Each structure stands twice: as structure tokens, then as C-alpha cells.
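Chemist: If you scroll down you'll find the structure; I have some questions about it.
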Amino acid sequence: MAKTDKLSIYLSFLLRHKPEDAGLPMDKHGWVSVEELIDGINRTGKYKIDGQLLCEIVKEDKKGRYRYNEDGTRIKACQGHSIPWVEPELTMMEPPEYVYHGTTTEAWEKIMASGAVNKMSRHAVHTQADVEKAWQSAFRWKKKPVVLKIAAGRMHQDGYLFGVSDNQVWCTEMVPVSYIEDVLIVRE
């Protein structure tokens, strides 16, 4: 794994889960000062970063996890926070007819037993309109991946709310198994 990959993972960790590890003041929507982020990461001694390297990581992130404000002085993770007081900035709207959730066969068994895809420690269940992006999420767990095809249009008609993040991740509070229309499995 390249050093920038490790730094990107650490950046995601700070902006989504533990800003206090680098002494970062964060507002209620997850925004932090770029200058304080750079200083905080450098102060920890784990990595060295400057504005140019941060821009490179943000630009090259395939999932579009990060966003700068208009003048480039603040940065945030678009979604995926486990920080209880952070309120993700989502645009609430009608979802596509189908969305996809990448997970593992092990998690799928737990979903079936519980009766729903739950948000766990995050603010929402994350889904994708693009099945390929859901496969990317499923494969990151290094276990047997599956992708769930979810009838988001039907959920919305039944009163479930959906919001979309800046990087086009569709979020909802939970997905009852009755809305899972198919389970896509990798053929070996």
C-alpha cells in the first residue's frame, strides 16, 4: 500500500470518526480548517502533509469522500461519520428506482436475522445508484462480497426518506429486508 493510500485512510479516519486524535475542532456538519488539519496531522508525527499533498489525495480519491468549501479553507468528509453530533449535509430527495448496498455474506446473514440493513454506528445506511460503486464497497471488506439490490423507489413511496451526499451516496435510516429485491453474488 502506497504511503498516500495510508495517509488517505488516516484522513478519512480523522474526518469521519476521530478528529480529536489530531486536535481538530469540527463544526456540526463535519467541516474543519484545512490549515488546522495539516498542522494536526503533522503534529501527530504519523505522517507529513502539506496543502499540495492534501489536494492530490482529495482529487485522486475514487469515492469522492472529501469536499473543500468554496474558498478552499475548510474541508469535510461527505458522509460516513460515526461522530454522534455531526449532522451530515444531505440533499433530501426522491431516490432512483433501485439503489445498491455492498456488504459481505456474513453481514447478509445478520441482516436476514435482524430483518433490516441497519445504520450501525453511522448516521445512515449507505447505498449507491451505480452497482459498480456498490461492488467497490463490498470488496473493501476482504471477505466474500455481495451486493443487495434495494427497491428505493418503493421505499420512498412507502414513506422512507432518502438523502444524497455531495459524492452521490444515497443515505437512509434503515432498509427492511422486504425491500431487498435481489442479492448479487460473485461467481467463482
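Just remember, in the C-alpha cells the first chain shown is A, the second B, etc., residues are 1-based per chain, and ligands are 1-based in the order shown.
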Give one line per residue of range 127-184 of chain A that approaches range 95-109 of chain A to at most 7 Å, naming the two atoms of the closest pair and their distance in Å to one decimal, counting only C-alpha atoms; sort by chain then ascending residue number and deliver it as a Markdown table.
Modeler:
| residue | atom | partner | partner_atom | distance |
| --- | --- | --- | --- | --- |
| A:Thr127 | CA | A:His101 | CA | 4.7 |
| A:Gln128 | CA | A:Tyr100 | CA | 5.1 |
| A:Ala129 | CA | A:Val99 | CA | 4.6 |
| A:Val131 | CA | A:Tyr100 | CA | 5.8 |
| A:Ala134 | CA | A:Gly102 | CA | 4.5 |
| A:Trp135 | CA | A:Gly102 | CA | 5.6 |
| A:Ser137 | CA | A:Gly102 | CA | 5.2 |
| A:Ala138 | CA | A:Gly102 | CA | 4.1 |
| A:Lys143 | CA | A:Thr104 | CA | 6.2 |
| A:Lys144 | CA | A:Thr104 | CA | 5.4 |
| A:Pro145 | CA | A:Thr104 | CA | 4.3 |
| A:Val146 | CA | A:Thr104 | CA | 5.2 |
| A:Val147 | CA | A:Gly102 | CA | 4.5 |
| A:Leu148 | CA | A:His101 | CA | 5.1 |
| A:Lys149 | CA | A:Tyr100 | CA | 4.8 |
| A:Ile150 | CA | A:Val99 | CA | 5.3 |
| A:Ala151 | CA | A:Tyr98 | CA | 4.9 |
| A:Ala152 | CA | A:Tyr98 | CA | 5.1 |
| A:Gly153 | CA | A:Glu97 | CA | 4.2 |
| A:Phe162 | CA | A:Pro95 | CA | 6.3 |
Chemist: Can you pull out the residues contacting Met155 in chain A? Cut-off 9 Å, using only C-alpha atoms, and skip same-chain residues under 6 positions away; I want them as a list in words.
Modeler: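 Once the adjacent positions are removed, what remains is Leu161, Val175 and Tyr179 of chain A.
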Chemist: Could you pull out the helix (DSSP H, G or I) residues of chain A from DSSP and send them as number ranges by chain?
Modeler: A: 3-16, 19-22, 34-44, 51-60, 105-114, 131-139, 152-157, 177-179
Chemist: Skipping near chain neighbours, those fewer than 5 positions away, what residues fall within 12 Å of Asp5 in chain A using only C-alpha atoms, listed as a list in words?
Modeler: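 Once the adjacent positions are removed, what remains is Tyr10, Leu11, Ser12, Tyr47, Leu53, Leu54, Glu56, Ile57, Val58, Glu60, Asp61 and Lys62 of chain A.
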Chemist: Output N, CA, C and O atoms of each residue in that selection to a file, as a PDB file, in the first residue's frame.
Modeler:
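Result went into again28.pdb, see below:
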ATOM      1  N   TYR A  10      -5.990   7.537   6.889  1.00  0.00           N
ATOM      2  CA  TYR A  10      -5.891   8.300   8.135  1.00  0.00           C
ATOM      3  C   TYR A  10      -6.737   9.573   8.063  1.00  0.00           C
ATOM      4  O   TYR A  10      -7.439   9.919   9.022  1.00  0.00           O
ATOM      5  N   LEU A  11      -6.702  10.242   6.917  1.00  0.00           N
ATOM      6  CA  LEU A  11      -7.523  11.436   6.718  1.00  0.00           C
ATOM      7  C   LEU A  11      -9.005  11.100   6.890  1.00  0.00           C
ATOM      8  O   LEU A  11      -9.742  11.811   7.578  1.00  0.00           O
ATOM      9  N   SER A  12      -9.441   9.999   6.292  1.00  0.00           N
ATOM     10  CA  SER A  12     -10.828   9.546   6.420  1.00  0.00           C
ATOM     11  C   SER A  12     -11.158   9.252   7.879  1.00  0.00           C
ATOM     12  O   SER A  12     -12.228   9.620   8.382  1.00  0.00           O
ATOM     13  N   TYR A  47       2.345  11.102   9.955  1.00  0.00           N
ATOM     14  CA  TYR A  47       2.513  11.428   8.537  1.00  0.00           C
ATOM     15  C   TYR A  47       2.945  12.875   8.423  1.00  0.00           C
ATOM     16  O   TYR A  47       2.724  13.673   9.334  1.00  0.00           O
ATOM     17  N   LEU A  53      -0.168  18.041  -1.155  1.00  0.00           N
ATOM     18  CA  LEU A  53      -0.432  16.612  -0.989  1.00  0.00           C
ATOM     19  C   LEU A  53      -1.894  16.384  -0.602  1.00  0.00           C
ATOM     20  O   LEU A  53      -2.535  15.452  -1.106  1.00  0.00           O
ATOM     21  N   LEU A  54      -2.447  17.236   0.245  1.00  0.00           N
ATOM     22  CA  LEU A  54      -3.858  17.124   0.608  1.00  0.00           C
ATOM     23  C   LEU A  54      -4.740  17.276  -0.635  1.00  0.00           C
ATOM     24  O   LEU A  54      -5.656  16.469  -0.852  1.00  0.00           O
ATOM     25  N   GLU A  56      -3.941  16.637  -3.688  1.00  0.00           N
ATOM     26  CA  GLU A  56      -3.745  15.440  -4.507  1.00  0.00           C
ATOM     27  C   GLU A  56      -4.603  14.279  -3.989  1.00  0.00           C
ATOM     28  O   GLU A  56      -5.260  13.583  -4.765  1.00  0.00           O
ATOM     29  N   ILE A  57      -4.621  14.085  -2.680  1.00  0.00           N
ATOM     30  CA  ILE A  57      -5.418  12.999  -2.082  1.00  0.00           C
ATOM     31  C   ILE A  57      -6.896  13.219  -2.349  1.00  0.00           C
ATOM     32  O   ILE A  57      -7.615  12.295  -2.740  1.00  0.00           O
ATOM     33  N   VAL A  58      -7.362  14.445  -2.157  1.00  0.00           N
ATOM     34  CA  VAL A  58      -8.775  14.762  -2.390  1.00  0.00           C
ATOM     35  C   VAL A  58      -9.137  14.541  -3.858  1.00  0.00           C
ATOM     36  O   VAL A  58     -10.151  13.915  -4.169  1.00  0.00           O
ATOM     37  N   GLU A  60      -7.649  12.635  -6.135  1.00  0.00           N
ATOM     38  CA  GLU A  60      -7.495  11.259  -6.597  1.00  0.00           C
ATOM     39  C   GLU A  60      -8.410  10.255  -5.887  1.00  0.00           C
ATOM     40  O   GLU A  60      -8.457   9.098  -6.294  1.00  0.00           O
ATOM     41  N   ASP A  61      -9.129  10.677  -4.868  1.00  0.00           N
ATOM     42  CA  ASP A  61      -9.997   9.754  -4.143  1.00  0.00           C
ATOM     43  C   ASP A  61     -11.127   9.285  -5.056  1.00  0.00           C
ATOM     44  O   ASP A  61     -11.970  10.080  -5.476  1.00  0.00           O
ATOM     45  N   LYS A  62     -11.145   7.999  -5.369  1.00  0.00           N
ATOM     46  CA  LYS A  62     -12.108   7.441  -6.326  1.00  0.00           C
ATOM     47  C   LYS A  62     -13.548   7.538  -5.842  1.00  0.00           C
ATOM     48  O   LYS A  62     -14.476   7.539  -6.637  1.00  0.00           O
TER      49      LYS A  62
END
Chemist: Skipping near chain neighbours, those fewer than 3 positions away, what residues fall within 12 Å of Gly23 in chain A using only C-alpha atoms, listed as a list of chain:residue names?
Modeler: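 These residues fall inside the cut-off: A:Leu14, A:Leu15, A:Lys18, A:Pro19, A:Glu20, A:Met26, A:Val32, A:Ser33, A:Glu36, A:Leu37, A:Ile38, A:Asp39, A:Gly40, A:Ile41, A:Asn42, A:Arg43, A:Thr44.
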Chemist: Output the selection as a PDB file, in the first residue's frame - C-alpha atoms for each residue.
Modeler:
ATOM      1  CA  LEU A  14      -9.908  11.823  11.327  1.00  0.00           C
ATOM      2  CA  LEU A  15     -12.717  13.472   9.332  1.00  0.00           C
ATOM      3  CA  LYS A  18     -11.884  10.757  15.497  1.00  0.00           C
ATOM      4  CA  PRO A  19     -10.987  14.417  14.811  1.00  0.00           C
ATOM      5  CA  GLU A  20      -9.728  14.693  18.381  1.00  0.00           C
ATOM      6  CA  MET A  26     -15.023  20.363  13.898  1.00  0.00           C
ATOM      7  CA  VAL A  32     -12.564  21.557   9.739  1.00  0.00           C
ATOM      8  CA  SER A  33      -9.970  24.171   8.844  1.00  0.00           C
ATOM      9  CA  GLU A  36      -5.605  23.058  11.312  1.00  0.00           C
ATOM     10  CA  LEU A  37      -5.957  19.661   9.592  1.00  0.00           C
ATOM     11  CA  ILE A  38      -2.483  19.912   8.071  1.00  0.00           C
ATOM     12  CA  ASP A  39      -0.960  21.146  11.348  1.00  0.00           C
ATOM     13  CA  GLY A  40      -2.809  18.449  13.336  1.00  0.00           C
ATOM     14  CA  ILE A  41      -1.651  15.596  11.087  1.00  0.00           C
ATOM     15  CA  ASN A  42       1.945  16.853  11.129  1.00  0.00           C
ATOM     16  CA  ARG A  43       1.829  17.284  14.922  1.00  0.00           C
ATOM     17  CA  THR A  44       0.838  13.630  15.443  1.00  0.00           C
TER      18      THR A  44
END
Chemist: Of the candidates A:Gly163, A:Pro25, A:Gly30, A:Gly64, which shows the shortest atom-to-atom distance to Glu94 in chain A, using only C-alpha atoms?
Modeler: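 Ranking A:Gly163, A:Pro25, A:Gly30, A:Gly64 by distance to Glu94 in chain A, first place goes to A:Gly163.
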Chemist: Would you list the contacts of Arg16 in chain A as an mmCIF file with N, CA and C atoms, in the first residue's frame, taking every protein, DNA or RNA residue within 7 Å and counting only C-alpha atoms, but skipping same-chain residues closer than 3 positions in sequence?
Modeler:
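This went into selection-v4.cif:
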data_model
loop_
_atom_site.group_PDB
_atom_site.id
_atom_site.type_symbol
_atom_site.label_atom_id
_atom_site.label_comp_id
_atom_site.auth_asym_id
_atom_site.auth_seq_id
_atom_site.Cartn_x
_atom_site.Cartn_y
_atom_site.Cartn_z
ATOM 1 N N SER A 12 -9.441 9.999 6.292
ATOM 2 C CA SER A 12 -10.828 9.546 6.420
ATOM 3 C C SER A 12 -11.158 9.252 7.879
ATOM 4 N N PHE A 13 -10.252 8.596 8.577
ATOM 5 C CA PHE A 13 -10.435 8.288 9.999
ATOM 6 C C PHE A 13 -10.639 9.572 10.812
ATOM 7 N N ALA A 77 -15.488 15.361 5.275
ATOM 8 C CA ALA A 77 -15.859 14.090 4.657
ATOM 9 C C ALA A 77 -17.328 14.228 4.277
ATOM 10 N N GLY A 80 -20.478 9.163 6.075
ATOM 11 C CA GLY A 80 -19.797 8.054 6.737
ATOM 12 C C GLY A 80 -19.344 8.350 8.147
ATOM 13 N N HIS A 81 -19.825 9.419 8.732
ATOM 14 C CA HIS A 81 -19.415 9.788 10.083
ATOM 15 C C HIS A 81 -19.991 8.838 11.137
ATOM 16 N N SER A 82 -19.176 8.548 12.140
ATOM 17 C CA SER A 82 -19.676 7.828 13.308
ATOM 18 C C SER A 82 -19.714 8.766 14.517
ATOM 19 N N ILE A 83 -19.382 10.022 14.319
ATOM 20 C CA ILE A 83 -19.407 11.026 15.385
ATOM 21 C C ILE A 83 -20.869 11.395 15.626
#
Chemist: What parts of range 46-87 of chain A does DSSP call strand (DSSP E or B)? I'd like the answer as a ChimeraX atom specification.
Modeler: /A:66-68,74-77
Chemist: Kindly export the residues of the current selection with N, CA and C atoms, as a compact mmCIF listing (two decimals), in the first residue's frame.
Modeler:
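result_37.txt, freshly written:
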# COMPACT_ATOMS: atom_id res chain seq x y z
N TYR A 66 -14.14 13.47 0.06
CA TYR A 66 -13.85 14.77 0.67
C TYR A 66 -14.33 15.92 -0.19
N ARG A 67 -14.61 17.03 0.49
CA ARG A 67 -15.04 18.23 -0.23
C ARG A 67 -14.45 19.45 0.45
N TYR A 68 -13.93 20.37 -0.37
CA TYR A 68 -13.49 21.68 0.13
C TYR A 68 -14.66 22.64 0.07
N ARG A 74 -11.66 25.23 4.15
CA ARG A 74 -12.25 24.20 5.03
C ARG A 74 -12.47 22.93 4.21
N ILE A 75 -12.49 21.80 4.91
CA ILE A 75 -12.66 20.50 4.26
C ILE A 75 -13.53 19.62 5.16
N LYS A 76 -14.23 18.68 4.54
CA LYS A 76 -15.04 17.73 5.30
C LYS A 76 -15.10 16.40 4.56
N ALA A 77 -15.49 15.36 5.28
CA ALA A 77 -15.86 14.09 4.66
C ALA A 77 -17.33 14.23 4.28
